>>> print(open('input.pdb').read())   # PDB, C-alpha atoms, pLDDT in the B column
ATOM      1  CA  MET A   1      26.224  11.555 -24.676  1.00 40.00           C
ATOM      2  CA  SER A   2      28.054  11.882 -28.004  1.00 50.00           C
ATOM      3  CA  ASP A   3      27.227  14.558 -30.559  1.00 58.00           C
ATOM      4  CA  ASN A   4      25.913  11.766 -32.805  1.00 65.00           C
ATOM      5  CA  LYS A   5      23.107  11.008 -30.358  1.00 68.00           C
ATOM      6  CA  LYS A   6      22.152  14.687 -30.337  1.00 80.00           C
ATOM      7  CA  LYS A   7      21.567  14.886 -34.113  1.00 91.00           C
ATOM      8  CA  THR A   8      18.064  15.633 -35.278  1.00 92.00           C
ATOM      9  CA  GLU A   9      16.242  13.260 -37.598  1.00 91.00           C
ATOM     10  CA  ASP A  10      16.575  15.858 -40.367  1.00 94.00           C
ATOM     11  CA  GLU A  11      20.363  15.869 -39.884  1.00 95.00           C
ATOM     12  CA  TRP A  12      20.442  12.073 -40.070  1.00 96.00           C
ATOM     13  CA  LYS A  13      18.301  12.113 -43.238  1.00 95.00           C
ATOM     14  CA  LYS A  14      20.775  14.496 -44.896  1.00 95.00           C
ATOM     15  CA  GLU A  15      23.822  12.397 -43.923  1.00 95.00           C
ATOM     16  CA  LEU A  16      22.533   8.893 -44.644  1.00 97.00           C
ATOM     17  CA  THR A  17      21.191   7.254 -47.771  1.00 96.00           C
ATOM     18  CA  PRO A  18      17.469   6.393 -47.594  1.00 96.00           C
ATOM     19  CA  GLU A  19      18.347   2.705 -47.032  1.00 96.00           C
ATOM     20  CA  GLN A  20      20.859   3.569 -44.273  1.00 97.00           C
ATOM     21  CA  TYR A  21      18.319   5.845 -42.615  1.00 97.00           C
ATOM     22  CA  ASN A  22      15.662   3.121 -42.715  1.00 97.00           C
ATOM     23  CA  VAL A  23      17.937   0.599 -41.018  1.00 97.00           C
ATOM     24  CA  LEU A  24      20.101   2.718 -38.715  1.00 97.00           C
ATOM     25  CA  ARG A  25      17.434   5.146 -37.496  1.00 97.00           C
ATOM     26  CA  LEU A  26      14.100   3.373 -38.094  1.00 96.00           C
ATOM     27  CA  LYS A  27      15.304  -0.157 -37.174  1.00 95.00           C
ATOM     28  CA  GLY A  28      14.534  -1.614 -40.576  1.00 94.00           C
ATOM     29  CA  THR A  29      16.382  -4.500 -42.179  1.00 94.00           C
ATOM     30  CA  GLU A  30      17.771  -5.272 -45.591  1.00 95.00           C
ATOM     31  CA  ARG A  31      16.666  -8.380 -47.435  1.00 95.00           C
ATOM     32  CA  PRO A  32      18.922 -11.414 -46.924  1.00 96.00           C
ATOM     33  CA  PHE A  33      21.657 -12.076 -49.505  1.00 96.00           C
ATOM     34  CA  THR A  34      21.397  -8.527 -50.905  1.00 95.00           C
ATOM     35  CA  GLY A  35      23.832  -6.481 -48.793  1.00 95.00           C
ATOM     36  CA  LYS A  36      27.349  -5.727 -49.977  1.00 96.00           C
ATOM     37  CA  TYR A  37      29.035  -7.485 -47.036  1.00 97.00           C
ATOM     38  CA  TRP A  38      27.070 -10.731 -46.546  1.00 94.00           C
ATOM     39  CA  ASP A  39      29.687 -12.685 -48.572  1.00 94.00           C
ATOM     40  CA  HIS A  40      32.553 -10.198 -48.253  1.00 94.00           C
ATOM     41  CA  GLU A  41      35.859 -11.921 -47.451  1.00 93.00           C
ATOM     42  CA  LYS A  42      38.470  -9.161 -47.392  1.00 95.00           C
ATOM     43  CA  GLU A  43      40.548  -8.560 -44.269  1.00 96.00           C
ATOM     44  CA  GLY A  44      39.916  -5.395 -42.321  1.00 97.00           C
ATOM     45  CA  ILE A  45      37.637  -3.586 -39.919  1.00 98.00           C
ATOM     46  CA  TYR A  46      33.878  -3.011 -40.109  1.00 98.00           C
ATOM     47  CA  LYS A  47      32.692   0.342 -38.738  1.00 98.00           C
ATOM     48  CA  CYS A  48      29.313   1.920 -38.055  1.00 98.00           C
ATOM     49  CA  ALA A  49      28.051   3.605 -41.246  1.00 97.00           C
ATOM     50  CA  GLY A  50      26.370   6.253 -39.123  1.00 97.00           C
ATOM     51  CA  CYS A  51      29.346   7.502 -37.116  1.00 97.00           C
ATOM     52  CA  GLY A  52      32.489   5.497 -37.922  1.00 97.00           C
ATOM     53  CA  THR A  53      32.758   3.677 -34.590  1.00 98.00           C
ATOM     54  CA  VAL A  54      34.902   0.538 -34.910  1.00 98.00           C
ATOM     55  CA  LEU A  55      32.643  -2.514 -34.487  1.00 98.00           C
ATOM     56  CA  TYR A  56      33.895  -5.821 -35.924  1.00 98.00           C
ATOM     57  CA  ASN A  57      37.129  -7.360 -37.186  1.00 97.00           C
ATOM     58  CA  SER A  58      36.999  -9.512 -40.306  1.00 97.00           C
ATOM     59  CA  ASN A  59      38.707 -12.353 -38.420  1.00 96.00           C
ATOM     60  CA  THR A  60      35.479 -12.810 -36.406  1.00 97.00           C
ATOM     61  CA  LYS A  61      33.253 -12.879 -39.519  1.00 97.00           C
ATOM     62  CA  PHE A  62      31.810 -16.240 -40.556  1.00 96.00           C
ATOM     63  CA  ASP A  63      29.287 -17.628 -43.025  1.00 94.00           C
ATOM     64  CA  ALA A  64      26.153 -18.343 -41.018  1.00 95.00           C
ATOM     65  CA  GLY A  65      24.127 -19.047 -44.154  1.00 93.00           C
ATOM     66  CA  CYS A  66      21.550 -16.451 -43.102  1.00 94.00           C
ATOM     67  CA  GLY A  67      22.269 -13.839 -45.803  1.00 95.00           C
ATOM     68  CA  TRP A  68      23.595 -11.118 -43.509  1.00 97.00           C
ATOM     69  CA  PRO A  69      27.150 -10.486 -42.335  1.00 97.00           C
ATOM     70  CA  SER A  70      27.698 -12.501 -39.173  1.00 97.00           C
ATOM     71  CA  PHE A  71      30.378 -12.012 -36.539  1.00 98.00           C
ATOM     72  CA  SER A  72      31.221 -14.015 -33.427  1.00 97.00           C
ATOM     73  CA  SER A  73      32.233 -10.982 -31.341  1.00 97.00           C
ATOM     74  CA  PRO A  74      32.656  -7.209 -31.509  1.00 98.00           C
ATOM     75  CA  ILE A  75      36.093  -5.598 -31.366  1.00 97.00           C
ATOM     76  CA  LYS A  76      35.102  -3.883 -28.111  1.00 97.00           C
ATOM     77  CA  GLU A  77      31.992  -4.751 -26.116  1.00 95.00           C
ATOM     78  CA  SER A  78      31.840  -1.102 -25.045  1.00 97.00           C
ATOM     79  CA  ASN A  79      31.238  -0.005 -28.663  1.00 98.00           C
ATOM     80  CA  ILE A  80      27.885  -1.772 -28.908  1.00 97.00           C
ATOM     81  CA  GLU A  81      24.698  -1.781 -26.896  1.00 97.00           C
ATOM     82  CA  GLU A  82      22.276  -4.673 -26.551  1.00 96.00           C
ATOM     83  CA  LYS A  83      18.572  -4.089 -26.019  1.00 96.00           C
ATOM     84  CA  ALA A  84      15.535  -6.388 -25.756  1.00 92.00           C
ATOM     85  CA  ASP A  85      13.489  -6.343 -28.974  1.00 89.00           C
ATOM     86  CA  ARG A  86       9.931  -7.676 -28.844  1.00 88.00           C
ATOM     87  CA  SER A  87       8.890  -6.463 -32.293  1.00 83.00           C
ATOM     88  CA  GLN A  88       7.744  -8.676 -35.167  1.00 78.00           C
ATOM     89  CA  GLY A  89       6.092 -11.116 -32.739  1.00 82.00           C
ATOM     90  CA  MET A  90       9.495 -12.378 -31.555  1.00 81.00           C
ATOM     91  CA  VAL A  91      11.794 -11.884 -28.588  1.00 86.00           C
ATOM     92  CA  ARG A  92      15.297 -11.036 -29.778  1.00 90.00           C
ATOM     93  CA  THR A  93      18.279  -8.975 -28.683  1.00 95.00           C
ATOM     94  CA  GLU A  94      18.905  -5.891 -30.786  1.00 97.00           C
ATOM     95  CA  VAL A  95      22.462  -4.666 -31.372  1.00 98.00           C
ATOM     96  CA  LEU A  96      23.009  -0.900 -31.553  1.00 98.00           C
ATOM     97  CA  CYS A  97      26.047   1.315 -32.007  1.00 98.00           C
ATOM     98  CA  LYS A  98      26.851   2.654 -28.545  1.00 97.00           C
ATOM     99  CA  ASN A  99      28.095   5.966 -29.983  1.00 96.00           C
ATOM    100  CA  CYS A 100      25.235   7.010 -32.280  1.00 96.00           C
ATOM    101  CA  GLY A 101      22.426   4.638 -31.265  1.00 96.00           C
ATOM    102  CA  GLY A 102      22.139   3.274 -34.792  1.00 97.00           C
ATOM    103  CA  HIS A 103      20.411  -0.087 -35.269  1.00 97.00           C
ATOM    104  CA  LEU A 104      22.937  -2.645 -36.502  1.00 98.00           C
ATOM    105  CA  GLY A 105      21.064  -5.945 -36.316  1.00 97.00           C
ATOM    106  CA  HIS A 106      20.487  -8.689 -33.750  1.00 96.00           C
ATOM    107  CA  ILE A 107      22.495 -11.153 -31.698  1.00 96.00           C
ATOM    108  CA  PHE A 108      21.706 -14.874 -31.461  1.00 95.00           C
ATOM    109  CA  ASP A 109      23.204 -17.741 -29.458  1.00 94.00           C
ATOM    110  CA  ASP A 110      23.849 -20.079 -32.408  1.00 94.00           C
ATOM    111  CA  GLY A 111      27.332 -18.901 -33.382  1.00 94.00           C
ATOM    112  CA  PRO A 112      30.674 -20.708 -33.412  1.00 94.00           C
ATOM    113  CA  LYS A 113      32.955 -21.314 -30.452  1.00 93.00           C
ATOM    114  CA  PRO A 114      34.456 -19.810 -28.438  1.00 91.00           C
ATOM    115  CA  THR A 115      31.657 -17.232 -27.954  1.00 94.00           C
ATOM    116  CA  GLY A 116      28.716 -19.237 -29.301  1.00 96.00           C
ATOM    117  CA  LEU A 117      27.280 -15.916 -30.502  1.00 97.00           C
ATOM    118  CA  ARG A 118      26.157 -14.688 -33.909  1.00 97.00           C
ATOM    119  CA  TYR A 119      25.997 -10.939 -34.387  1.00 98.00           C
ATOM    120  CA  CYS A 120      23.718 -10.785 -37.432  1.00 97.00           C
ATOM    121  CA  ILE A 121      24.345  -7.313 -38.843  1.00 98.00           C
ATOM    122  CA  ASN A 122      22.861  -5.374 -41.762  1.00 98.00           C
ATOM    123  CA  SER A 123      25.466  -4.544 -44.434  1.00 98.00           C
ATOM    124  CA  VAL A 124      23.940  -1.098 -44.856  1.00 97.00           C
ATOM    125  CA  SER A 125      24.783  -0.370 -41.204  1.00 98.00           C
ATOM    126  CA  LEU A 126      28.465  -0.964 -41.903  1.00 98.00           C
ATOM    127  CA  ASP A 127      31.422   0.617 -43.667  1.00 97.00           C
ATOM    128  CA  PHE A 128      34.562  -1.411 -44.341  1.00 98.00           C
ATOM    129  CA  GLU A 129      38.163  -0.369 -43.957  1.00 96.00           C
ATOM    130  CA  LYS A 130      40.551  -2.724 -45.744  1.00 94.00           C
ATOM    131  CA  LYS A 131      43.579  -3.975 -43.819  1.00 85.00           C
ATOM    132  CA  GLU A 132      46.824  -2.277 -44.824  1.00 79.00           C
ATOM    133  CA  GLU A 133      49.099  -4.656 -46.727  1.00 69.00           C
TER     134      GLU A 133
END
>>> encode(input="input.pdb", output="structure tokens")
Amino acid sequence: MSDNKKKTEDEWKKELTPEQYNVLRLKGTERPFTGKYWDHEKEGIYKCAGCGTVLYNSNTKFDAGCGWPSFSSPIKESNIEEKADRSQGMVRTEVLCKNCGGHLGHIFDDGPKPTGLRYCINSVSLDFEKKEE
């Protein structure tokens, strides 16, 4: 278990903004079309805002029209965790950061080829590192 999973809720509250805490720790969501990365088109790497774990490459990002950043695959499957989510009267698959356990978003099977997957991720769960020129 990483040190990030051992943090207390008070430690998380001190490190994260209230919006980040709501999404990453309490499994909230941001409103569609409001996050800083939903229409972000720069090249680089998206990391977990809670712990810095590398999650998605911009070359897998696509416009799903849903209002949240969408990716067709993670950089490394081992950096994320998928868990059944039966909240909100739906059955979905939640995506979490494997390192810190932070809620990132959900995965759906309506994405582009070759994976056919759409990782629908909250902007507030992400930090972006621009590609070196």
>>> resolve_selection(input="input.pdb", expression="the PyMOL selection byres ((chain A and resi 46) around 8)", output="VMD selection string")
chain A and resid 44 to 45 47 to 48 54 to 58 126 to 129
>>> atom_distance(input="input.pdb", atom1="atom CA of A:Asp10", atom2="atom CA of A:His103")
17.2 Å
>>> closest_atom_pairs(input="input.pdb", of="stretch 99-121 of chain A", to="stretch 69-79 of chain A", cutoff="8 Å", atoms="all atoms listed in the file", output="tab-separated table")
residue	atom	partner	partner_atom	distance
A:Asn99	CA	A:Asn79	CA	6.9
A:Gly111	CA	A:Ser72	CA	6.2
A:Pro112	CA	A:Ser72	CA	6.7
A:Thr115	CA	A:Ser72	CA	6.4
A:Gly116	CA	A:Ser72	CA	7.1
A:Leu117	CA	A:Ser72	CA	5.3
A:Arg118	CA	A:Ser72	CA	5.1
A:Tyr119	CA	A:Phe71	CA	5.0
A:Cys120	CA	A:Ser70	CA	4.7
A:Ile121	CA	A:Pro69	CA	5.5
>>> residues_around(input="input.pdb", residues="A:Ile80", least_positions_apart="6", cutoff="6 Å", atoms="all atoms listed in the file", output="list in words")
Leu96, Cys97 and Lys98 of chain A
>>> write_last_selection(input="input.pdb", atoms="C-alpha atoms", output="mmCIF file, in the frame of the given file")
data_model
loop_
_atom_site.group_PDB
_atom_site.id
_atom_site.type_symbol
_atom_site.label_atom_id
_atom_site.label_comp_id
_atom_site.auth_asym_id
_atom_site.auth_seq_id
_atom_site.Cartn_x
_atom_site.Cartn_y
_atom_site.Cartn_z
ATOM 1 C CA LEU A 96 23.009 -0.900 -31.553
ATOM 2 C CA CYS A 97 26.047 1.315 -32.007
ATOM 3 C CA LYS A 98 26.851 2.654 -28.545
#
>>> closest_residue(input="input.pdb", among="A:Glu94, A:Glu81, A:Glu19, A:Asp110", to="A:Gly65", atoms="all atoms listed in the file")
A:Asp110
>>> resolve_selection(input="input.pdb", expression="the PyMOL selection byres ((chain A and resi 51) around 8)", output="JSON, numbers by chain")
{"A": [4, 48, 49, 50, 52, 53, 99, 100]}
>>> axis_aligned_box(input="input.pdb", around="stretch 23-32 of chain A", padding_each_side="5 Å", output="AutoDock Vina command-line options")
--center_x 17.1 --center_y -3.1 --center_z -42.3 --size_x 16.0 --size_y 26.6 --size_z 20.3
>>> closest_residue(input="input.pdb", among="A:Pro114, A:Glu132, A:Thr60, A:Lys83", to="A:Gly101", atoms="all atoms listed in the file")
A:Lys83
>>> residues_around(input="input.pdb", residues="A:Lys13", least_positions_apart="2", cutoff="12 Å", atoms="all atoms listed in the file", output="list in words")
Lys7, Thr8, Glu9, Asp10, Glu11, Glu15, Leu16, Thr17, Pro18, Glu19, Gln20, Tyr21, Asn22, Val23, Leu24, Arg25, Leu26 and Gly50 of chain A
>>> build_atoms(input="input.pdb", residues="stretch 87-123 of chain A", atoms="N, CA and C atoms", output="compact mmCIF listing (two decimals), keeping the file's coordinate frame")
# COMPACT_ATOMS: atom_id res chain seq x y z
N SER A 87 9.64 -6.78 -31.07
CA SER A 87 8.89 -6.46 -32.29
C SER A 87 8.75 -7.70 -33.17
N GLN A 88 7.93 -7.61 -34.19
CA GLN A 88 7.74 -8.68 -35.17
C GLN A 88 7.23 -9.98 -34.55
N GLY A 89 6.62 -9.93 -33.38
CA GLY A 89 6.09 -11.12 -32.74
C GLY A 89 7.16 -12.06 -32.22
N MET A 90 8.38 -11.55 -32.04
CA MET A 90 9.49 -12.38 -31.56
C MET A 90 10.15 -11.69 -30.36
N VAL A 91 10.95 -12.45 -29.63
CA VAL A 91 11.79 -11.88 -28.59
C VAL A 91 13.23 -12.10 -29.04
N ARG A 92 13.91 -10.98 -29.31
CA ARG A 92 15.30 -11.04 -29.78
C ARG A 92 16.11 -10.00 -29.00
N THR A 93 17.41 -10.00 -29.26
CA THR A 93 18.28 -8.98 -28.68
C THR A 93 18.82 -8.12 -29.81
N GLU A 94 18.46 -6.85 -29.78
CA GLU A 94 18.90 -5.89 -30.79
C GLU A 94 20.32 -5.44 -30.47
N VAL A 95 21.11 -5.20 -31.52
CA VAL A 95 22.46 -4.67 -31.37
C VAL A 95 22.47 -3.26 -31.96
N LEU A 96 22.94 -2.31 -31.14
CA LEU A 96 23.01 -0.90 -31.55
C LEU A 96 24.44 -0.39 -31.41
N CYS A 97 24.79 0.62 -32.18
CA CYS A 97 26.05 1.32 -32.01
C CYS A 97 25.95 2.14 -30.73
N LYS A 98 26.88 1.94 -29.83
CA LYS A 98 26.85 2.65 -28.54
C LYS A 98 27.04 4.16 -28.74
N ASN A 99 27.80 4.55 -29.77
CA ASN A 99 28.10 5.97 -29.98
C ASN A 99 26.92 6.75 -30.55
N CYS A 100 26.30 6.24 -31.62
CA CYS A 100 25.24 7.01 -32.28
C CYS A 100 23.84 6.43 -32.08
N GLY A 101 23.73 5.25 -31.49
CA GLY A 101 22.43 4.64 -31.26
C GLY A 101 21.83 3.99 -32.49
N GLY A 102 22.63 3.87 -33.55
CA GLY A 102 22.14 3.27 -34.79
C GLY A 102 21.87 1.78 -34.66
N HIS A 103 20.76 1.34 -35.25
CA HIS A 103 20.41 -0.09 -35.27
C HIS A 103 21.36 -0.81 -36.21
N LEU A 104 22.01 -1.86 -35.70
CA LEU A 104 22.94 -2.64 -36.50
C LEU A 104 22.33 -3.97 -36.94
N GLY A 105 21.64 -4.63 -36.03
CA GLY A 105 21.06 -5.94 -36.32
C GLY A 105 20.65 -6.61 -35.02
N HIS A 106 20.87 -7.93 -34.94
CA HIS A 106 20.49 -8.69 -33.75
C HIS A 106 21.57 -9.70 -33.40
N ILE A 107 21.55 -10.15 -32.16
CA ILE A 107 22.50 -11.15 -31.70
C ILE A 107 21.72 -12.42 -31.34
N PHE A 108 22.32 -13.57 -31.72
CA PHE A 108 21.71 -14.87 -31.46
C PHE A 108 22.74 -15.79 -30.81
N ASP A 109 22.29 -16.84 -30.16
CA ASP A 109 23.20 -17.74 -29.46
C ASP A 109 23.50 -19.02 -30.24
N ASP A 110 23.57 -18.91 -31.57
CA ASP A 110 23.85 -20.08 -32.41
C ASP A 110 25.13 -19.90 -33.22
N GLY A 111 26.07 -19.15 -32.69
CA GLY A 111 27.33 -18.90 -33.38
C GLY A 111 28.40 -19.92 -33.03
N PRO A 112 29.57 -19.77 -33.65
CA PRO A 112 30.67 -20.71 -33.41
C PRO A 112 31.37 -20.48 -32.08
N LYS A 113 32.13 -21.45 -31.65
CA LYS A 113 32.96 -21.31 -30.45
C LYS A 113 34.07 -20.34 -30.78
N PRO A 114 34.64 -19.61 -29.87
CA PRO A 114 34.46 -19.81 -28.44
C PRO A 114 33.28 -19.03 -27.85
N THR A 115 32.72 -18.05 -28.55
CA THR A 115 31.66 -17.23 -27.95
C THR A 115 30.28 -17.88 -28.03
N GLY A 116 30.04 -18.66 -29.09
CA GLY A 116 28.72 -19.24 -29.30
C GLY A 116 27.70 -18.21 -29.77
N LEU A 117 28.17 -17.00 -30.12
CA LEU A 117 27.28 -15.92 -30.50
C LEU A 117 27.35 -15.63 -32.00
N ARG A 118 26.23 -15.13 -32.52
CA ARG A 118 26.16 -14.69 -33.91
C ARG A 118 25.58 -13.28 -33.92
N TYR A 119 26.44 -12.32 -34.20
CA TYR A 119 26.00 -10.94 -34.39
C TYR A 119 25.58 -10.82 -35.85
N CYS A 120 24.31 -10.82 -36.09
CA CYS A 120 23.72 -10.78 -37.43
C CYS A 120 23.46 -9.31 -37.77
N ILE A 121 24.29 -8.76 -38.65
CA ILE A 121 24.34 -7.31 -38.84
C ILE A 121 23.98 -6.93 -40.28
N ASN A 122 23.21 -5.88 -40.44
CA ASN A 122 22.86 -5.37 -41.76
C ASN A 122 24.08 -4.76 -42.44
N SER A 123 24.35 -5.13 -43.68
CA SER A 123 25.47 -4.54 -44.43
C SER A 123 25.36 -3.03 -44.50
